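**Student:** Compact mmCIF, C-alpha atoms, saved as structure39.txt, coming up:
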# COMPACT_ATOMS: atom_id res chain seq x y z
CA MET A 20 0.00 0.00 0.00
CA THR A 21 1.36 3.41 -0.94
CA LYS A 22 2.00 5.89 1.83
CA LYS A 23 -0.75 8.45 2.33
CA ARG A 24 0.31 11.96 1.44
CA ALA A 25 -1.51 15.01 2.79
CA LEU A 26 -1.31 18.61 1.61
CA ILE A 27 -2.26 21.14 4.31
CA THR A 28 -2.92 24.78 3.45
CA GLY A 29 -2.50 27.06 6.46
CA VAL A 30 0.01 24.63 7.98
CA THR A 31 1.59 27.34 10.16
CA GLY A 32 -1.72 28.11 11.90
CA GLN A 33 -3.14 26.54 15.06
CA ASP A 34 -5.11 23.79 13.29
CA GLY A 35 -2.53 23.23 10.56
CA SER A 36 0.26 22.62 13.07
CA TYR A 37 -1.79 20.18 15.18
CA LEU A 38 -3.07 18.39 12.07
CA ALA A 39 0.47 18.02 10.67
CA GLU A 40 1.64 16.49 13.99
CA PHE A 41 -1.35 14.14 14.09
CA LEU A 42 -0.87 12.95 10.48
CA LEU A 43 2.87 12.37 10.97
CA LYS A 44 1.99 10.06 13.88
CA GLN A 45 -0.41 8.21 11.56
CA GLY A 46 2.47 7.59 9.14
CA TYR A 47 1.53 10.22 6.54
CA GLU A 48 3.90 12.17 4.38
CA VAL A 49 2.95 15.81 5.05
CA ILE A 50 3.28 18.73 2.66
CA GLY A 51 2.60 22.14 4.17
CA MET A 52 1.68 25.02 1.89
CA VAL A 53 2.68 28.55 2.86
CA ARG A 54 2.29 31.90 1.14
CA ARG A 55 5.37 33.71 -0.03
CA THR A 56 5.65 36.64 2.37
CA SER A 57 8.65 38.51 3.73
CA THR A 58 8.08 36.95 7.15
CA ILE A 59 6.67 33.45 7.50
CA ASN A 60 6.05 32.46 11.11
CA PHE A 61 7.12 28.84 11.58
CA GLU A 62 6.88 29.01 15.38
CA ARG A 63 3.96 26.56 15.66
CA ILE A 64 5.64 23.90 13.52
CA ILE A 65 9.23 24.40 14.70
CA ASP A 66 9.36 20.91 16.29
CA ILE A 67 8.24 19.11 13.12
CA GLN A 68 9.58 21.42 10.43
CA ASP A 69 12.30 18.97 9.40
CA LYS A 70 9.72 16.16 9.10
CA ILE A 71 7.40 17.91 6.65
CA THR A 72 7.87 19.34 3.18
CA ILE A 73 7.19 23.09 3.01
CA VAL A 74 6.00 24.34 -0.38
CA GLN A 75 4.98 27.76 -1.60
CA GLY A 76 1.51 28.35 -2.99
CA ASP A 77 -1.22 30.93 -2.73
CA LEU A 78 -5.01 30.61 -2.63
CA LEU A 79 -5.15 33.80 -4.72
CA ASP A 80 -3.05 32.25 -7.49
CA PRO A 81 -4.69 29.25 -9.26
CA SER A 82 -1.59 28.19 -11.22
CA SER A 83 0.47 27.88 -8.02
CA LEU A 84 -2.15 25.48 -6.63
CA VAL A 85 -2.14 23.37 -9.79
CA ASP A 86 1.68 23.26 -9.67
CA VAL A 87 1.80 22.14 -6.03
CA ILE A 88 -0.79 19.39 -6.55
CA ARG A 89 0.80 18.21 -9.79
CA GLU A 90 4.29 18.06 -8.28
CA HIS A 91 3.45 16.48 -4.90
CA ARG A 92 0.42 14.34 -5.80
CA PRO A 93 -1.31 14.36 -2.39
CA THR A 94 -3.95 11.73 -1.62
CA GLU A 95 -5.69 14.16 0.76
CA VAL A 96 -5.95 17.95 0.80
CA TYR A 97 -6.92 19.88 3.94
CA ASN A 98 -7.86 23.50 3.27
CA LEU A 99 -7.26 25.30 6.55
CA ALA A 100 -5.95 28.57 5.10
CA ALA A 101 -8.24 31.59 5.40
CA GLN A 102 -8.43 35.17 6.57
CA SER A 103 -10.09 34.01 9.77
CA PHE A 104 -10.07 36.98 12.14
CA ILE A 105 -13.63 38.32 12.22
CA PRO A 106 -12.90 42.01 13.05
CA THR A 107 -10.45 42.10 10.11
CA SER A 108 -13.18 40.75 7.83
CA PHE A 109 -15.22 43.91 8.48
CA LYS A 110 -12.19 46.07 7.63
CA GLN A 111 -11.07 43.98 4.63
CA PRO A 112 -14.22 42.28 3.31
CA VAL A 113 -13.05 41.89 -0.30
CA LEU A 114 -9.71 40.32 0.64
CA THR A 115 -11.53 38.02 3.09
CA GLY A 116 -13.79 36.91 0.23
CA GLU A 117 -10.82 36.28 -2.08
CA PHE A 118 -9.07 33.98 0.42
CA THR A 119 -11.89 32.45 2.42
CA ALA A 120 -14.48 32.03 -0.35
CA LEU A 121 -12.87 32.04 -3.81
CA GLY A 122 -9.70 30.40 -2.48
CA VAL A 123 -11.76 27.25 -1.88
CA THR A 124 -12.98 27.26 -5.50
CA ARG A 125 -9.45 27.69 -6.84
CA LEU A 126 -8.26 24.73 -4.80
CA LEU A 127 -11.19 22.49 -5.75
CA GLU A 128 -10.71 23.40 -9.40
CA ALA A 129 -7.00 22.51 -9.19
CA ILE A 130 -7.92 19.11 -7.69
CA ARG A 131 -10.53 18.51 -10.38
CA MET A 132 -8.03 19.33 -13.11
CA VAL A 133 -5.03 17.40 -11.78
CA ASP A 134 -6.49 14.41 -9.90
CA PRO A 135 -10.20 14.06 -9.05
CA GLU A 136 -9.38 11.04 -6.81
CA ILE A 137 -7.88 13.36 -4.16
CA ARG A 138 -9.97 13.58 -0.99
CA PHE A 139 -10.67 17.18 0.07
CA TYR A 140 -11.45 18.65 3.49
CA GLN A 141 -12.84 22.18 3.80
CA ALA A 142 -12.69 24.00 7.13
CA SER A 143 -16.21 25.34 7.54
CA SER A 144 -17.16 27.41 10.58
CA SER A 145 -19.93 27.77 13.14
CA GLU A 146 -19.86 31.49 12.23
CA MET A 147 -21.92 30.45 9.17
CA PHE A 148 -24.91 29.99 11.50
CA GLY A 149 -24.56 33.55 12.80
CA LYS A 150 -28.02 34.78 13.78
CA VAL A 151 -29.18 31.32 14.71
CA VAL A 152 -32.65 29.98 13.88
CA GLU A 153 -32.39 26.96 16.19
CA VAL A 154 -30.44 25.89 19.28
CA PRO A 155 -28.29 23.81 19.19
CA GLN A 156 -27.05 24.02 15.61
CA LYS A 157 -26.64 20.86 13.53
CA GLU A 158 -25.82 19.94 9.92
CA THR A 159 -29.31 20.86 8.70
CA THR A 160 -29.57 24.25 10.49
CA PRO A 161 -29.94 27.13 7.98
CA PHE A 162 -27.07 29.64 7.73
CA HIS A 163 -27.42 33.35 8.55
CA PRO A 164 -23.85 34.70 8.78
CA ARG A 165 -23.23 37.99 10.61
CA SER A 166 -19.77 38.96 9.34
CA PRO A 167 -17.96 39.07 5.97
CA TYR A 168 -15.92 36.12 7.30
CA GLY A 169 -19.09 34.13 7.99
CA VAL A 170 -20.47 34.99 4.55
CA ALA A 171 -17.23 33.89 2.86
CA LYS A 172 -17.27 30.60 4.81
CA VAL A 173 -20.85 29.93 3.63
CA TYR A 174 -19.65 30.30 0.03
CA GLY A 175 -16.70 27.97 0.71
CA HIS A 176 -19.05 25.45 2.28
CA TRP A 177 -21.54 25.42 -0.59
CA ILE A 178 -18.93 25.37 -3.35
CA THR A 179 -17.52 22.23 -1.66
CA VAL A 180 -20.98 20.64 -1.74
CA ASN A 181 -21.34 21.76 -5.36
CA TYR A 182 -18.07 20.14 -6.49
CA ARG A 183 -19.01 16.96 -4.63
CA GLU A 184 -22.38 16.80 -6.40
CA SER A 185 -21.25 18.10 -9.82
CA TYR A 186 -17.93 16.24 -10.25
CA ASN A 187 -18.32 13.36 -7.80
CA LEU A 188 -15.29 14.53 -5.79
CA PHE A 189 -14.76 13.18 -2.28
CA ALA A 190 -15.12 16.69 -0.83
CA VAL A 191 -16.37 17.31 2.71
CA SER A 192 -16.77 20.20 5.13
CA GLY A 193 -16.31 20.07 8.87
CA ILE A 194 -18.49 22.73 10.50
CA LEU A 195 -16.16 23.36 13.42
CA PHE A 196 -17.28 25.34 16.42
CA ASN A 197 -14.70 27.44 18.27
CA HIS A 198 -11.64 25.42 19.24
CA GLU A 199 -8.68 26.74 21.13
CA SER A 200 -5.21 25.93 22.46
CA PRO A 201 -1.98 27.67 23.52
CA ARG A 202 -1.25 27.98 19.77
CA ARG A 203 -4.29 30.19 19.13
CA GLY A 204 -3.42 33.70 17.83
CA LEU A 205 -3.31 36.34 20.57
CA GLU A 206 -5.92 38.44 18.75
CA PHE A 207 -8.59 35.78 19.44
CA VAL A 208 -10.60 36.38 22.60
CA THR A 209 -9.80 33.10 24.39
CA HIS A 210 -6.06 33.56 24.10
CA LYS A 211 -6.35 37.28 24.72
CA VAL A 212 -8.03 36.49 28.06
CA THR A 213 -5.68 33.67 29.19
CA TYR A 214 -2.57 35.64 28.14
CA ASN A 215 -3.67 38.79 29.94
CA ALA A 216 -4.70 36.87 33.06
CA ALA A 217 -1.14 35.48 33.12
CA LYS A 218 0.35 38.95 32.48
CA ILE A 219 -1.70 40.55 35.25
CA ALA A 220 -0.77 37.72 37.66
CA LEU A 221 2.93 38.36 36.92
CA GLY A 222 2.55 42.14 37.36
CA LEU A 223 3.15 42.82 33.64
CA ALA A 224 -0.28 44.39 33.03
CA ASP A 225 -3.17 45.74 35.09
CA LYS A 226 -6.24 45.94 32.81
CA LEU A 227 -7.94 43.93 30.05
CA PRO A 228 -10.30 45.67 27.58
CA LEU A 229 -12.84 43.35 25.87
CA GLY A 230 -15.96 43.57 23.69
CA ASN A 231 -19.33 41.92 24.31
CA LEU A 232 -19.01 39.95 27.57
CA ASP A 233 -22.38 38.24 27.12
CA SER A 234 -21.49 36.50 23.83
CA GLN A 235 -21.67 32.72 24.27
CA ARG A 236 -19.61 30.17 22.39
CA ASP A 237 -19.15 26.43 22.23
CA TRP A 238 -15.40 26.11 22.86
CA GLY A 239 -13.43 22.90 22.35
CA TRP A 240 -9.80 21.71 22.38
CA ALA A 241 -8.13 22.13 18.97
CA PRO A 242 -6.23 18.77 18.93
CA ASP A 243 -9.60 16.98 19.37
CA TYR A 244 -10.96 18.79 16.31
CA VAL A 245 -8.10 18.01 13.91
CA ARG A 246 -8.56 14.33 14.70
CA MET A 247 -12.11 14.65 13.34
CA MET A 248 -10.86 16.30 10.12
CA ASN A 249 -8.83 13.21 9.34
CA LEU A 250 -11.63 10.85 10.36
CA MET A 251 -14.02 12.48 7.86
CA LEU A 252 -11.68 11.68 4.96
CA GLN A 253 -11.38 7.99 5.91
CA GLN A 254 -15.09 7.21 5.38
CA ASP A 255 -16.69 5.35 2.47
CA HIS A 256 -18.93 8.28 1.58
CA PRO A 257 -18.28 12.03 1.72
CA GLU A 258 -20.49 13.77 4.30
CA ASP A 259 -20.40 17.04 6.22
CA TYR A 260 -20.28 17.08 10.02
CA VAL A 261 -20.74 19.53 12.87
CA VAL A 262 -17.84 19.29 15.33
CA ALA A 263 -18.63 20.75 18.76
CA THR A 264 -18.79 20.03 22.48
CA GLY A 265 -22.50 20.77 22.91
CA ARG A 266 -21.72 23.05 25.87
CA THR A 267 -21.71 26.82 25.81
CA HIS A 268 -19.93 29.45 27.90
CA SER A 269 -20.02 33.24 27.98
CA ILE A 270 -17.00 35.53 27.72
CA LYS A 271 -17.68 36.37 31.39
CA ARG A 272 -17.29 32.68 32.29
CA LEU A 273 -14.11 32.52 30.21
CA CYS A 274 -12.71 35.44 32.24
CA GLU A 275 -13.84 33.86 35.51
CA VAL A 276 -12.09 30.54 34.76
CA ALA A 277 -8.89 32.10 33.35
CA PHE A 278 -8.40 34.58 36.20
CA GLY A 279 -9.42 31.88 38.67
CA CYS A 280 -6.43 29.81 37.48
CA VAL A 281 -4.16 32.55 38.89
CA ASP A 282 -6.34 33.27 41.97
CA LEU A 283 -7.58 36.66 40.77
CA ASP A 284 -11.07 38.22 40.60
CA TRP A 285 -11.58 39.00 36.91
CA GLN A 286 -14.07 41.80 37.64
CA ARG A 287 -11.27 43.94 39.05
CA TYR A 288 -9.34 43.89 35.77
CA VAL A 289 -11.72 43.41 32.83
CA TYR A 290 -13.74 46.27 31.31
CA VAL A 291 -15.86 46.68 28.18
CA ASN A 292 -14.16 48.73 25.49
CA GLN A 293 -16.60 50.22 22.97
CA ALA A 294 -13.99 49.95 20.18
CA ASP A 295 -14.02 46.14 20.59
CA LEU A 296 -17.77 45.82 19.92
CA ARG A 297 -18.65 44.51 16.41
CA PRO A 298 -21.05 46.11 13.88
CA ALA A 299 -23.09 42.88 13.97
CA ASP A 300 -22.43 40.26 16.60
CA VAL A 301 -23.34 36.62 17.11
CA ASP A 302 -24.88 36.08 20.52
CA LEU A 303 -25.12 32.32 20.97
CA LEU A 304 -23.44 29.41 19.21
CA ILE A 305 -23.78 25.85 20.48
CA GLY A 306 -23.25 22.77 18.34
CA ASP A 307 -24.97 19.40 18.17
CA ALA A 308 -22.30 16.84 17.22
CA THR A 309 -24.63 13.82 17.52
CA LYS A 310 -23.90 12.78 13.93
CA ALA A 311 -20.13 12.86 14.53
CA LYS A 312 -20.54 10.78 17.67
CA THR A 313 -22.97 8.18 16.30
CA LYS A 314 -21.46 7.75 12.83
CA LEU A 315 -17.74 8.25 13.51
CA GLY A 316 -17.45 7.70 17.25
CA TRP A 317 -15.91 11.12 17.79
CA GLU A 318 -16.10 12.80 21.18
CA PRO A 319 -14.17 15.66 22.78
CA THR A 320 -11.60 14.59 25.40
CA VAL A 321 -10.83 17.93 27.12
CA THR A 322 -13.33 20.07 29.04
CA PHE A 323 -13.62 23.85 28.72
CA GLU A 324 -12.10 24.36 32.18
CA GLN A 325 -9.19 21.99 31.46
CA MET A 326 -8.50 23.77 28.17
CA ILE A 327 -8.40 27.24 29.75
CA GLU A 328 -6.12 25.91 32.49
CA LYS A 329 -3.72 24.47 29.89
CA MET A 330 -3.69 27.83 28.06
CA VAL A 331 -3.06 29.89 31.20
CA GLU A 332 -0.23 27.53 32.24
CA ALA A 333 1.38 27.79 28.78
CA ASP A 334 1.07 31.60 28.85
CA LEU A 335 2.60 31.83 32.33
CA ALA A 336 5.54 29.67 31.24
CA ALA A 337 6.09 31.68 28.04
CA LEU A 338 5.91 35.03 29.81
CA LYS A 339 8.26 33.94 32.59
CA LYS A 340 10.78 32.80 29.98
CA GLN A 341 10.41 35.97 27.93
CA HIS A 342 10.81 38.31 30.93
CA HIS A 343 13.34 36.12 32.79
CA LEU A 344 11.04 35.85 35.80
Take the structure from the file and write it as structure tokens.

**Tutor:**
Amino acid sequence: MTKKRALITGVTGQDGSYLAEFLLKQGYEVIGMVRRTSTINFERIIDIQDKITIVQGDLLDPSSLVDVIREHRPTEVYNLAAQSFIPTSFKQPVLTGEFTALGVTRLLEAIRMVDPEIRFYQASSSEMFGKVVEVPQKETTPFHPRSPYGVAKVYGHWITVNYRESYNLFAVSGILFNHESPRRGLEFVTHKVTYNAAKIALGLADKLPLGNLDSQRDWGWAPDYVRMMNLMLQQDHPEDYVVATGRTHSIKRLCEVAFGCVDLDWQRYVYVNQADLRPADVDLLIGDATKAKTKLGWEPTVTFEQMIEKMVEADLAALKKQHHL
């Protein structure tokens, strides 16, 4: 049997780095695609960089995608690259659409042209549900996105379905609810909170400005979620799945747990900053992953509280090292 070969776009991101590690353990050959920029941040994959093949390609440039697929002949492609920071999507809606929506089409088209046998995973998002019409949200829940990012993800999701139905590609989408880890970008609220709780505990900061404290999200542990991405591509038939914990927590609760890890009262340090409020916000996201559990046997292994504790511990360690404390 030939060795499985996976191409991961967005390999230097949180999910890409965890997925690359997971696939290497499964015996895959891993090709990681990065954009040609003056500074590429390899920090998240530093421990495995010598075990994977890094190639240059760009979701804005169709010929580069064709070249990468033609040269490396992956058996699976995981599209994790996107402009995924929601506030930026309001400031740069057209660029967000180019990467997060049309980028998916360019990649699917490259697969169709070079090798339609390749199995394709698209990273869909719970942000597609937006202004939710039912709670919890499952695979059949209608979409009503509330940000240019969410809108772009809906396009990416449906073009994946379209290529599956039109060209018989094995193309699936995982509708992933929020998933976090110490590798999450500092601009995202979970890491912003754990990092600042650690900073305040070490005397390196004294306040934390945030946006809507009443927003509720279904937060899971990122390594659990990348396992599901791989599982979806090993099935006999291509199907889309919601990946979630089925439990929801508010930003207030996030603050309470994170500051609690360092024995502080979050209410003394956190305040609402008007500049952090969004033009249109999503109030409540909670996923129903029954299909993932019953069909694929997938379940989360780390609780919300355990995840926040792991993040605060990692932030404390990193800050102590950085400031020689």

**Student:** Compare A:Gln141, A:Gln286, A:Gln156, A:Gln325 by their minimum atom-to-atom distance to Lys310 (chain A), counting only C-alpha atoms, and give me the closest one.

**Tutor:**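 Of A:Gln141, A:Gln286, A:Gln156, A:Gln325, the one nearest Lys310 (chain A) is A:Gln156, counting only C-alpha atoms.
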
**Student:** Take CA of His256 (chain A) and CA of Ser144 (chain A) and report the distance between them in Å, one decimal.

**Tutor:**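 We find that CA of His256 (chain A) and CA of Ser144 (chain A) lie 21.2 Å from each other.
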
**Student:** Could you check how far CA of Pro93 (chain A) sits from CA of Val133 (chain A), in Å to one decimal?

**Tutor:**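 One can read the CA of Pro93 (chain A) to CA of Val133 (chain A) distance as 10.5 Å.
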
**Student:** Check the smallest atom-to-atom distance from each of A:Tyr37, A:Phe196, A:Tyr290, A:Phe118 to Gly175 (chain A) using only C-alpha atoms, then report the winner.

**Tutor:** A:Phe118

**Student:** Rounded to one decimal, what separation in Å do you get between CA of Gly193 (chain A) and CA of Glu128 (chain A)?

**Tutor:** 19.4 Å

**Student:** Can you tell me, as a PDB file with C-alpha atoms, keeping the file's coordinate frame, what residues are no more than 12 Å from Leu344 (chain A) when counting only C-alpha atoms, ignoring any on the same chain fewer than 3 positions away?

**Tutor:**
ATOM      1  CA  LYS A 218       0.350  38.950  32.480  1.00  0.00           C
ATOM      2  CA  LEU A 221       2.930  38.360  36.920  1.00  0.00           C
ATOM      3  CA  GLY A 222       2.550  42.140  37.360  1.00  0.00           C
ATOM      4  CA  LEU A 223       3.150  42.820  33.640  1.00  0.00           C
ATOM      5  CA  LEU A 335       2.600  31.830  32.330  1.00  0.00           C
ATOM      6  CA  ALA A 336       5.540  29.670  31.240  1.00  0.00           C
ATOM      7  CA  ALA A 337       6.090  31.680  28.040  1.00  0.00           C
ATOM      8  CA  LEU A 338       5.910  35.030  29.810  1.00  0.00           C
ATOM      9  CA  LYS A 339       8.260  33.940  32.590  1.00  0.00           C
ATOM     10  CA  LYS A 340      10.780  32.800  29.980  1.00  0.00           C
ATOM     11  CA  GLN A 341      10.410  35.970  27.930  1.00  0.00           C
TER      12      GLN A 341
END

**Student:** Could you list, as a list in words, every residue within 6 Å of region 105-116 of chain A, counting only C-alpha atoms and ignoring same-chain residues fewer than 5 positions away?

**Tutor:**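 So the residues in contact are Pro167, Tyr168 and Ala171 of chain A.
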
**Student:** Got a sec: who's within 8 Å of Arg125 (chain A), counting all atoms listed in the file, leaving out chain neighbours fewer than 5 positions off, as a ChimeraX atom specification?

**Tutor:** /A:78-81,84

**Student:** Using only C-alpha atoms, find the one residue out of A:Asp66, A:Asp259, A:Glu318, A:Asp86 that sits nearest to Ala142 (chain A).

**Tutor:**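 Comparing A:Asp66, A:Asp259, A:Glu318, A:Asp86 against Ala142 (chain A), the winner is A:Asp259.
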
**Student:** Excluding Pro164 (chain A) and residues on its chain fewer than 3 positions from it, collect all residues at most 10 Å away from it, counting only C-alpha atoms, and give them as a short mmCIF file (atom, residue, chain, number, x, y, z; two decimals) with C-alpha atoms, in the coordinates of the input.

**Tutor:**
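Written out: out.cif:
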data_model
loop_
_atom_site.label_atom_id
_atom_site.label_comp_id
_atom_site.auth_asym_id
_atom_site.auth_seq_id
_atom_site.Cartn_x
_atom_site.Cartn_y
_atom_site.Cartn_z
CA SER A 145 -19.93 27.77 13.14
CA GLU A 146 -19.86 31.49 12.23
CA MET A 147 -21.92 30.45 9.17
CA PHE A 148 -24.91 29.99 11.50
CA GLY A 149 -24.56 33.55 12.80
CA LYS A 150 -28.02 34.78 13.78
CA VAL A 151 -29.18 31.32 14.71
CA PRO A 161 -29.94 27.13 7.98
CA PRO A 167 -17.96 39.07 5.97
CA TYR A 168 -15.92 36.12 7.30
CA GLY A 169 -19.09 34.13 7.99
CA VAL A 170 -20.47 34.99 4.55
CA ALA A 171 -17.23 33.89 2.86
CA LYS A 172 -17.27 30.60 4.81
CA VAL A 173 -20.85 29.93 3.63
CA ALA A 299 -23.09 42.88 13.97
CA ASP A 300 -22.43 40.26 16.60
CA VAL A 301 -23.34 36.62 17.11
#

**Student:** Given the choices A:Ser36, A:Asn197, A:Thr94, A:Ser269, which gets closest to Glu48 (chain A) if the distance is worked out from all atoms listed in the file?

**Tutor:**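 Of A:Ser36, A:Asn197, A:Thr94, A:Ser269, the one nearest Glu48 (chain A) is A:Thr94, counting all atoms listed in the file.
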
**Student:** At a cut-off of 12 Å from (-3.9, 26.6, 28.2) in the coordinates of the file, what residues are picked up using all atoms listed in the file, written as number ranges by chain?

**Tutor:** A: 198-203, 209-214, 216-217, 239-241, 273, 276-277, 280, 321-337

**Student:** Which residue, A:Gln235, A:Thr313, A:Asn187, A:Thr56, has the smallest gap to Pro135 (chain A) when you use all atoms listed in the file?

**Tutor:** A:Asn187

**Student:** Residues within 7 Å of Gly51 (chain A), please, as a PDB file with C-alpha atoms, in the frame of the given file. Count all atoms listed in the file; anything in the same chain fewer than 5 positions from it doesn't count.

**Tutor:**
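Written output follows (selection_36.pdb):
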ATOM      1  CA  LEU A  26      -1.310  18.610   1.610  1.00  0.00           C
ATOM      2  CA  ILE A  27      -2.260  21.140   4.310  1.00  0.00           C
ATOM      3  CA  THR A  28      -2.920  24.780   3.450  1.00  0.00           C
ATOM      4  CA  VAL A  30       0.010  24.630   7.980  1.00  0.00           C
ATOM      5  CA  ILE A  71       7.400  17.910   6.650  1.00  0.00           C
ATOM      6  CA  THR A  72       7.870  19.340   3.180  1.00  0.00           C
ATOM      7  CA  ILE A  73       7.190  23.090   3.010  1.00  0.00           C
ATOM      8  CA  VAL A  74       6.000  24.340  -0.380  1.00  0.00           C
TER       9      VAL A  74
END

**Student:** Pick out the closest residue to Leu43 (chain A) from this set: A:Asn60, A:Gln68, A:Gln102, A:Ser185. Count all atoms listed in the file.

**Tutor:**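 Closest to Leu43 (chain A) of all the choices is A:Gln68.
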
**Student:** Once you add 6 Å to each side, what are the centre and edge lengths of the axis-aligned box holding all listed atoms of region 280-290 of chain A? One decimal in Å, as AutoDock Vina command-line options, if you can.

**Tutor:**
--center_x -9.1 --center_y 38.0 --center_z 36.6 --size_x 21.9 --size_y 28.5 --size_z 22.7
